[in-house]
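Data from data.cif: mmCIF, C-alpha atoms
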data_coords
loop_
_atom_site.label_atom_id
_atom_site.label_comp_id
_atom_site.auth_asym_id
_atom_site.auth_seq_id
_atom_site.Cartn_x
_atom_site.Cartn_y
_atom_site.Cartn_z
CA MET A 1 2.79 -12.56 28.71
CA ASN A 2 1.41 -9.06 28.21
CA GLU A 3 2.85 -6.40 25.94
CA SER A 4 4.73 -4.40 28.59
CA THR A 5 6.29 -7.56 30.05
CA ARG A 6 7.44 -8.53 26.56
CA GLN A 7 8.95 -5.06 26.08
CA GLU A 8 10.76 -5.13 29.39
CA SER A 9 12.18 -8.56 28.72
CA GLY A 10 13.32 -7.34 25.31
CA GLU A 11 11.39 -10.11 23.55
CA SER A 12 10.55 -9.31 19.97
CA MET A 13 6.99 -8.23 19.15
CA ASP A 14 7.78 -8.08 15.46
CA CYS A 15 4.62 -7.65 13.43
CA ARG A 16 6.25 -7.11 10.07
CA PRO A 17 5.19 -9.35 7.18
CA THR A 18 7.32 -12.46 6.93
CA LEU A 19 9.13 -13.32 3.71
CA ARG A 20 6.81 -16.32 3.42
CA GLU A 21 3.75 -14.03 3.46
CA GLN A 22 5.33 -11.73 0.87
CA PHE A 23 6.15 -14.73 -1.30
CA LYS A 24 2.56 -16.01 -1.10
CA PHE A 25 1.27 -12.55 -2.05
CA ASN A 26 3.57 -12.37 -5.08
CA ILE A 27 2.69 -15.93 -6.11
CA TRP A 28 -1.01 -15.02 -6.24
CA LEU A 29 -0.17 -11.93 -8.29
CA ALA A 30 1.73 -14.14 -10.75
CA VAL A 31 -1.11 -16.70 -10.85
CA THR A 32 -3.70 -13.97 -11.45
CA THR A 33 -1.64 -12.43 -14.25
CA ALA A 34 -0.96 -15.82 -15.87
CA THR A 35 -4.66 -16.78 -15.67
CA TYR A 36 -5.64 -13.46 -17.21
CA LEU A 37 -3.21 -13.94 -20.12
CA VAL A 38 -4.34 -17.54 -20.71
CA THR A 39 -8.05 -16.64 -20.65
CA LEU A 40 -7.40 -13.69 -22.98
CA PHE A 41 -5.72 -16.08 -25.44
CA LEU A 42 -8.54 -18.65 -25.12
CA VAL A 43 -11.35 -16.13 -25.62
CA GLN A 44 -9.62 -14.60 -28.66
CA HIS A 45 -8.86 -17.98 -30.32
CA PHE A 46 -12.05 -19.92 -29.54
CA LYS A 47 -14.78 -17.58 -30.68
CA GLU A 48 -17.05 -20.53 -31.46
CA TRP A 49 -17.56 -21.15 -27.73
CA SER A 50 -21.03 -20.34 -26.40
CA PRO A 51 -21.45 -16.97 -24.64
CA LEU A 52 -21.86 -18.76 -21.31
CA VAL A 53 -18.52 -20.56 -21.71
CA GLN A 54 -16.85 -17.37 -22.94
CA VAL A 55 -18.10 -15.37 -19.94
CA SER A 56 -17.10 -18.17 -17.54
CA VAL A 57 -13.60 -18.38 -19.02
CA THR A 58 -13.22 -14.58 -19.06
CA LEU A 59 -14.13 -14.40 -15.37
CA LEU A 60 -11.68 -17.14 -14.32
CA PRO A 61 -8.94 -14.64 -13.24
CA VAL A 62 -11.38 -13.35 -10.62
CA LEU A 63 -10.73 -16.47 -8.49
CA PRO A 64 -6.94 -16.05 -8.09
CA GLY A 65 -7.63 -12.30 -8.01
CA LEU A 66 -9.71 -12.75 -4.86
CA MET A 67 -6.91 -14.81 -3.28
CA TYR A 68 -4.48 -12.03 -4.25
CA LEU A 69 -6.79 -9.49 -2.60
CA GLY A 70 -7.03 -11.58 0.57
CA LYS A 71 -3.27 -12.07 0.80
CA GLY A 72 -2.74 -8.35 0.10
CA LEU A 73 -5.06 -7.33 2.94
CA ARG A 74 -3.38 -9.79 5.27
CA LEU A 75 0.05 -8.44 4.30
CA LEU A 76 -1.18 -4.87 4.86
CA ARG A 77 -2.40 -5.75 8.37
CA GLN A 78 1.00 -7.21 9.23
CA MET A 79 2.89 -4.07 8.18
CA ASP A 80 3.99 -1.51 10.71
CA GLU A 81 2.46 1.95 10.61
CA LEU A 82 5.12 3.60 8.43
CA GLN A 83 4.98 0.80 5.86
CA ARG A 84 1.19 1.13 5.80
CA ARG A 85 1.48 4.87 5.23
CA ILE A 86 3.94 4.27 2.36
CA GLN A 87 1.49 1.78 0.82
CA LEU A 88 -1.44 4.18 1.28
CA GLU A 89 0.45 6.99 -0.45
CA ALA A 90 1.58 4.66 -3.24
CA TRP A 91 -1.95 3.30 -3.86
CA PHE A 92 -3.42 6.80 -3.82
CA PHE A 93 -0.77 7.93 -6.31
CA ALA A 94 -1.48 4.87 -8.50
CA ALA A 95 -5.28 5.20 -8.36
CA ILE A 96 -5.44 8.94 -9.09
CA GLY A 97 -2.63 8.68 -11.68
CA THR A 98 -4.50 5.91 -13.50
CA VAL A 99 -7.73 7.93 -13.52
CA ILE A 100 -5.90 10.97 -14.92
CA VAL A 101 -4.09 9.01 -17.66
CA SER A 102 -7.34 7.17 -18.61
CA ALA A 103 -9.24 10.46 -18.75
CA VAL A 104 -6.58 12.09 -20.96
CA ILE A 105 -6.60 9.12 -23.38
CA ASN A 106 -10.42 9.14 -23.47
CA VAL A 107 -10.49 12.89 -24.18
CA PHE A 108 -8.01 12.38 -27.05
CA ASN A 109 -10.14 9.54 -28.41
CA ALA A 110 -13.35 11.57 -28.12
CA HIS A 111 -11.80 14.34 -30.20
CA GLY A 112 -10.55 11.98 -32.88
CA LEU A 113 -6.94 12.14 -31.72
CA VAL A 114 -6.85 8.40 -31.34
CA TRP A 115 -3.61 7.06 -29.97
CA GLU A 116 -3.03 4.00 -32.15
CA THR A 117 -1.88 1.88 -29.24
CA PHE A 118 -5.14 2.55 -27.33
CA PRO A 119 -7.95 2.89 -29.90
CA HIS A 120 -10.54 2.05 -27.22
CA GLY A 121 -8.84 3.79 -24.31
CA LEU A 122 -6.99 1.84 -21.64
CA GLU A 123 -8.55 -1.59 -21.45
CA ILE A 124 -8.27 -3.78 -18.37
CA GLY A 125 -4.76 -5.03 -19.19
CA GLY A 126 -3.46 -1.50 -19.80
CA THR A 127 -5.15 -0.17 -16.67
CA TYR A 128 -3.66 -2.98 -14.61
CA LEU A 129 -0.14 -2.42 -15.98
CA LEU A 130 -0.36 1.37 -15.60
CA MET A 131 -1.60 1.05 -12.02
CA PHE A 132 1.18 -1.41 -11.18
CA PHE A 133 3.79 0.91 -12.75
CA LEU A 134 2.46 3.95 -10.83
CA TRP A 135 2.27 1.95 -7.58
CA THR A 136 5.95 0.96 -8.02
CA LEU A 137 6.84 4.63 -8.58
CA GLY A 138 4.72 5.64 -5.57
CA VAL A 139 6.45 3.14 -3.28
CA ALA A 140 9.85 4.36 -4.47
CA PHE A 141 8.94 8.06 -3.91
CA SER A 142 7.40 7.48 -0.48
CA THR A 143 10.20 5.18 0.71
CA ARG A 144 12.75 7.81 -0.33
CA ARG A 145 10.77 10.52 1.46
CA TYR A 146 10.91 8.71 4.81
CA GLN A 147 14.54 7.56 4.55
CA MET B 1 7.94 16.74 15.77
CA LYS B 2 11.13 17.04 17.84
CA ASN B 3 12.00 14.05 19.97
CA LYS B 4 14.73 12.56 22.16
CA LEU B 5 14.51 9.07 20.76
CA ARG B 6 18.05 9.00 19.39
CA GLU B 7 19.54 10.15 22.73
CA LEU B 8 17.47 7.66 24.73
CA ARG B 9 18.43 4.84 22.41
CA ALA B 10 22.11 5.83 22.43
CA ALA B 11 22.11 6.00 26.25
CA ARG B 12 21.13 2.31 26.31
CA GLU B 13 23.60 1.48 23.53
CA TRP B 14 20.85 0.03 21.37
CA SER B 15 21.04 0.05 17.61
CA GLN B 16 18.07 1.19 15.55
CA SER B 17 17.42 -2.47 14.75
CA ASP B 18 17.42 -3.37 18.46
CA LEU B 19 14.87 -0.67 19.21
CA ALA B 20 12.77 -1.58 16.17
CA GLU B 21 12.64 -5.18 17.32
CA LYS B 22 11.62 -4.22 20.86
CA LEU B 23 8.83 -2.03 19.50
CA GLY B 24 7.72 -4.43 16.77
CA VAL B 25 8.29 -1.98 13.94
CA SER B 26 10.76 -1.72 11.07
CA ARG B 27 14.19 -0.09 11.40
CA GLN B 28 13.04 2.38 8.75
CA THR B 29 10.28 3.56 11.11
CA ILE B 30 12.77 4.21 13.92
CA ASN B 31 15.06 6.08 11.53
CA ALA B 32 12.16 8.17 10.20
CA ILE B 33 11.06 9.10 13.75
CA GLU B 34 14.62 9.98 14.83
CA THR B 35 15.18 12.17 11.78
CA GLU B 36 11.77 13.80 12.41
CA LYS B 37 10.42 12.81 9.03
CA TYR B 38 7.61 10.80 10.55
CA ASP B 39 5.48 11.32 13.66
CA PRO B 40 4.53 8.06 15.35
CA SER B 41 0.92 7.16 16.07
CA LEU B 42 -0.30 7.58 19.64
CA PRO B 43 -0.15 3.81 20.37
CA LEU B 44 3.47 3.67 19.17
CA ALA B 45 4.36 6.81 21.14
CA PHE B 46 2.93 5.16 24.27
CA LYS B 47 4.91 1.98 23.56
CA ILE B 48 8.07 4.11 23.29
CA GLY B 49 7.21 5.88 26.53
CA ARG B 50 6.65 2.57 28.34
CA LEU B 51 9.86 1.09 26.96
CA PHE B 52 11.96 4.04 28.16
CA LYS B 53 9.82 4.44 31.32
CA GLN B 54 9.13 8.10 30.57
CA PRO B 55 5.95 10.03 29.83
CA ILE B 56 5.52 10.67 26.11
CA GLU B 57 5.57 14.45 26.56
CA THR B 58 9.17 14.27 27.81
CA ILE B 59 10.22 12.25 24.74
CA PHE B 60 8.21 14.16 22.12
CA GLU B 61 7.65 17.86 21.98
CA VAL B 62 5.35 19.69 19.59
#
Spit out the file's structure as structure tokens when you get a sec.
Amino acid sequence: MNESTRQESGESMDCRPTLREQFKFNIWLAVTTATYLVTLFLVQHFKEWSPLVQVSVTLLPVLPGLMYLGKGLRLLRQMDELQRRIQLEAWFFAAIGTVIVSAVINVFNAHGLVWETFPHGLEIGGTYLLMFFLWTLGVAFSTRRYQ
Amino acid sequence: MKNKLRELRAAREWSQSDLAEKLGVSRQTINAIETEKYDPSLPLAFKIGRLFKQPIETIFEV
């Protein structure tokens, strides 16, 4: 059955992400975060491990991270065009916002105005959380804009 | 971009959800097009034209 026949018959051509797909995406996010926290704990508490083991353990979150990336891309492809635009705006907002905040913290640090919470700038955990926070804000702003 | 989507939909007594389902998009997309906050892509505009059996230039005007 071609597209126009489907339209005329009123049959659904829904290409929105299913709840199951969204659930899988969020599960991989949770697994990636949990793996990151566990490996962080392990690396900090088992300093006697050889560098090879330490590097291997530190890189473990990359595996669920790749699954998260794959599910995210799949989810993005299933979205309709307005949802994709909202996501694009939100990710752009998050990416540029994170760069700006990181740059400001680094400038403060370089001039000796070290923010006690971030003595070495935003590390990977901070960057990740900031980007997630800004993405959430971006989605909220863009969704409101198109309502 | 001005459009006649709301009138065309109302003439067929379809809800926004009905139209969204027929076009394979979200209800939010239909609402955003009707309120002129979002301009559809060319493929979606053609789908709308085919669904209402009208050329796109009679549904959308620049």
Residues proximal to (12.8, 11.3, 7.7) were defined as those with any atom within 12 Å of that point in the file's coordinates, counting only C-alpha atoms. Which are they, as a PyMOL selection string? (chain A and resi 82+142-147) or (chain B and resi 1-2+28-40)
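Excluding range 66-70 of chain A itself and any same-chain residue fewer than 6 positions from it, the protein and nucleic acid residues within 7 Å of it, counting all atoms listed in the file, are Phe25, Trp28 and Leu29 of chain A.
The two atoms in question, CA of Lys4 in chain B and CA of Thr58 in chain B, are spaced 8.1 Å apart.
Minimum atom-to-atom distance to chain B, evaluated using all atoms listed in the file, belongs to A:Arg84 out of A:Arg84, A:Phe133, A:Ala90, A:Val62.
Taking only C-alpha atoms into account, chain A lies nearest to B:Ser41 out of the set B:Asn3, B:Gln54, B:Ser41, B:Gln16.
CA of Arg85 in chain A to CA of Val139 in chain A spans 10.0 Å [interatomic distance, one decimal].
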List, as a ChimeraX atom specification, every residue that the PyMOL selection byres ((chain B and resi 47) around 10) selects in the file provided. /A:3-4,7 /B:22-24,41-46,48-53,56
Record the distance separating CA of Tyr36 in chain A and CA of Pro51 in chain A, expressed in Å with one decimal. 17.8 Å
Neighbour list for Leu42 in chain A as a ChimeraX atom specification, cut-off 9 Å, all atoms listed in the file, skip fewer than 6 positions in-chain: /A:54,57-58
Neighbouring residues of Ala34 in chain A were defined as those with any atom within 12 Å, considering all atoms listed in the file; residues of the same chain fewer than 4 positions away were excluded. Please report them as a list of chain:residue names. A:Ile27, A:Trp28, A:Leu29, A:Ala30, A:Val38, A:Thr39, A:Leu40, A:Phe41, A:Leu60, A:Pro61, A:Val62, A:Pro64, A:Gly65, A:Gly125
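When all atoms listed in the file are used to measure the gap to chain B, the shortest distance among A:Leu37, A:Phe46, A:Lys24, A:Glu81 belongs to A:Glu81.
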Given the file shown, enumerate the residues that the PyMOL selection byres ((chain A and resi 99) around 12) captures and present them as an MDAnalysis selection string. chainID A and resid 92:98 100:106 121:122 127:128 130:131 134
Working from the structure I just supplied, which lacks atoms in range 2-22 of chain B, can you model N, CA and C atoms there and output them as an mmCIF file, in the frame of the given file?
data_model
loop_
_atom_site.group_PDB
_atom_site.id
_atom_site.type_symbol
_atom_site.label_atom_id
_atom_site.label_comp_id
_atom_site.auth_asym_id
_atom_site.auth_seq_id
_atom_site.Cartn_x
_atom_site.Cartn_y
_atom_site.Cartn_z
ATOM 1 N N LYS B 2 9.829 17.315 17.231
ATOM 2 C CA LYS B 2 11.130 17.040 17.840
ATOM 3 C C LYS B 2 11.002 15.912 18.863
ATOM 4 N N ASN B 3 12.063 15.140 18.983
ATOM 5 C CA ASN B 3 12.000 14.050 19.970
ATOM 6 C C ASN B 3 13.409 13.681 20.447
ATOM 7 N N LYS B 4 13.447 12.941 21.562
ATOM 8 C CA LYS B 4 14.730 12.560 22.160
ATOM 9 C C LYS B 4 15.027 11.074 21.956
ATOM 10 N N LEU B 5 14.407 10.518 20.935
ATOM 11 C CA LEU B 5 14.510 9.070 20.760
ATOM 12 C C LEU B 5 15.962 8.622 20.527
ATOM 13 N N ARG B 6 16.671 9.387 19.702
ATOM 14 C CA ARG B 6 18.050 9.000 19.390
ATOM 15 C C ARG B 6 18.920 9.002 20.664
ATOM 16 N N GLU B 7 18.753 10.076 21.485
ATOM 17 C CA GLU B 7 19.540 10.150 22.730
ATOM 18 C C GLU B 7 19.197 9.000 23.687
ATOM 19 N N LEU B 8 17.903 8.743 23.818
ATOM 20 C CA LEU B 8 17.470 7.660 24.730
ATOM 21 C C LEU B 8 17.995 6.314 24.265
ATOM 22 N N ARG B 9 17.949 6.120 22.961
ATOM 23 C CA ARG B 9 18.430 4.840 22.410
ATOM 24 C C ARG B 9 19.942 4.727 22.612
ATOM 25 N N ALA B 10 20.646 5.844 22.316
ATOM 26 C CA ALA B 10 22.110 5.830 22.430
ATOM 27 C C ALA B 10 22.533 5.587 23.875
ATOM 28 N N ALA B 11 21.776 6.162 24.830
ATOM 29 C CA ALA B 11 22.110 6.000 26.250
ATOM 30 C C ALA B 11 22.061 4.525 26.659
ATOM 31 N N ARG B 12 21.220 3.756 26.001
ATOM 32 C CA ARG B 12 21.130 2.310 26.310
ATOM 33 C C ARG B 12 21.982 1.471 25.376
ATOM 34 N N GLU B 13 22.706 2.141 24.500
ATOM 35 C CA GLU B 13 23.600 1.480 23.530
ATOM 36 C C GLU B 13 22.855 0.467 22.662
ATOM 37 N N TRP B 14 21.629 0.868 22.282
ATOM 38 C CA TRP B 14 20.850 0.030 21.370
ATOM 39 C C TRP B 14 21.034 0.537 19.960
ATOM 40 N N SER B 15 21.034 -0.366 19.021
ATOM 41 C CA SER B 15 21.040 0.050 17.610
ATOM 42 C C SER B 15 19.598 0.347 17.206
ATOM 43 N N GLN B 16 19.431 0.944 16.038
ATOM 44 C CA GLN B 16 18.070 1.190 15.550
ATOM 45 C C GLN B 16 17.319 -0.129 15.380
ATOM 46 N N SER B 17 18.052 -1.146 14.931
ATOM 47 C CA SER B 17 17.420 -2.470 14.750
ATOM 48 C C SER B 17 16.960 -3.048 16.078
ATOM 49 N N ASP B 18 17.795 -2.867 17.125
ATOM 50 C CA ASP B 18 17.420 -3.370 18.460
ATOM 51 C C ASP B 18 16.107 -2.719 18.909
ATOM 52 N N LEU B 19 16.059 -1.390 18.767
ATOM 53 C CA LEU B 19 14.870 -0.670 19.210
ATOM 54 C C LEU B 19 13.652 -1.063 18.370
ATOM 55 N N ALA B 20 13.883 -1.188 17.062
ATOM 56 C CA ALA B 20 12.770 -1.580 16.170
ATOM 57 C C ALA B 20 12.207 -2.930 16.584
ATOM 58 N N GLU B 21 13.089 -3.842 16.932
ATOM 59 C CA GLU B 21 12.640 -5.180 17.320
ATOM 60 C C GLU B 21 11.843 -5.128 18.627
ATOM 61 N N LYS B 22 12.329 -4.326 19.576
ATOM 62 C CA LYS B 22 11.620 -4.220 20.860
ATOM 63 C C LYS B 22 10.227 -3.604 20.689
#
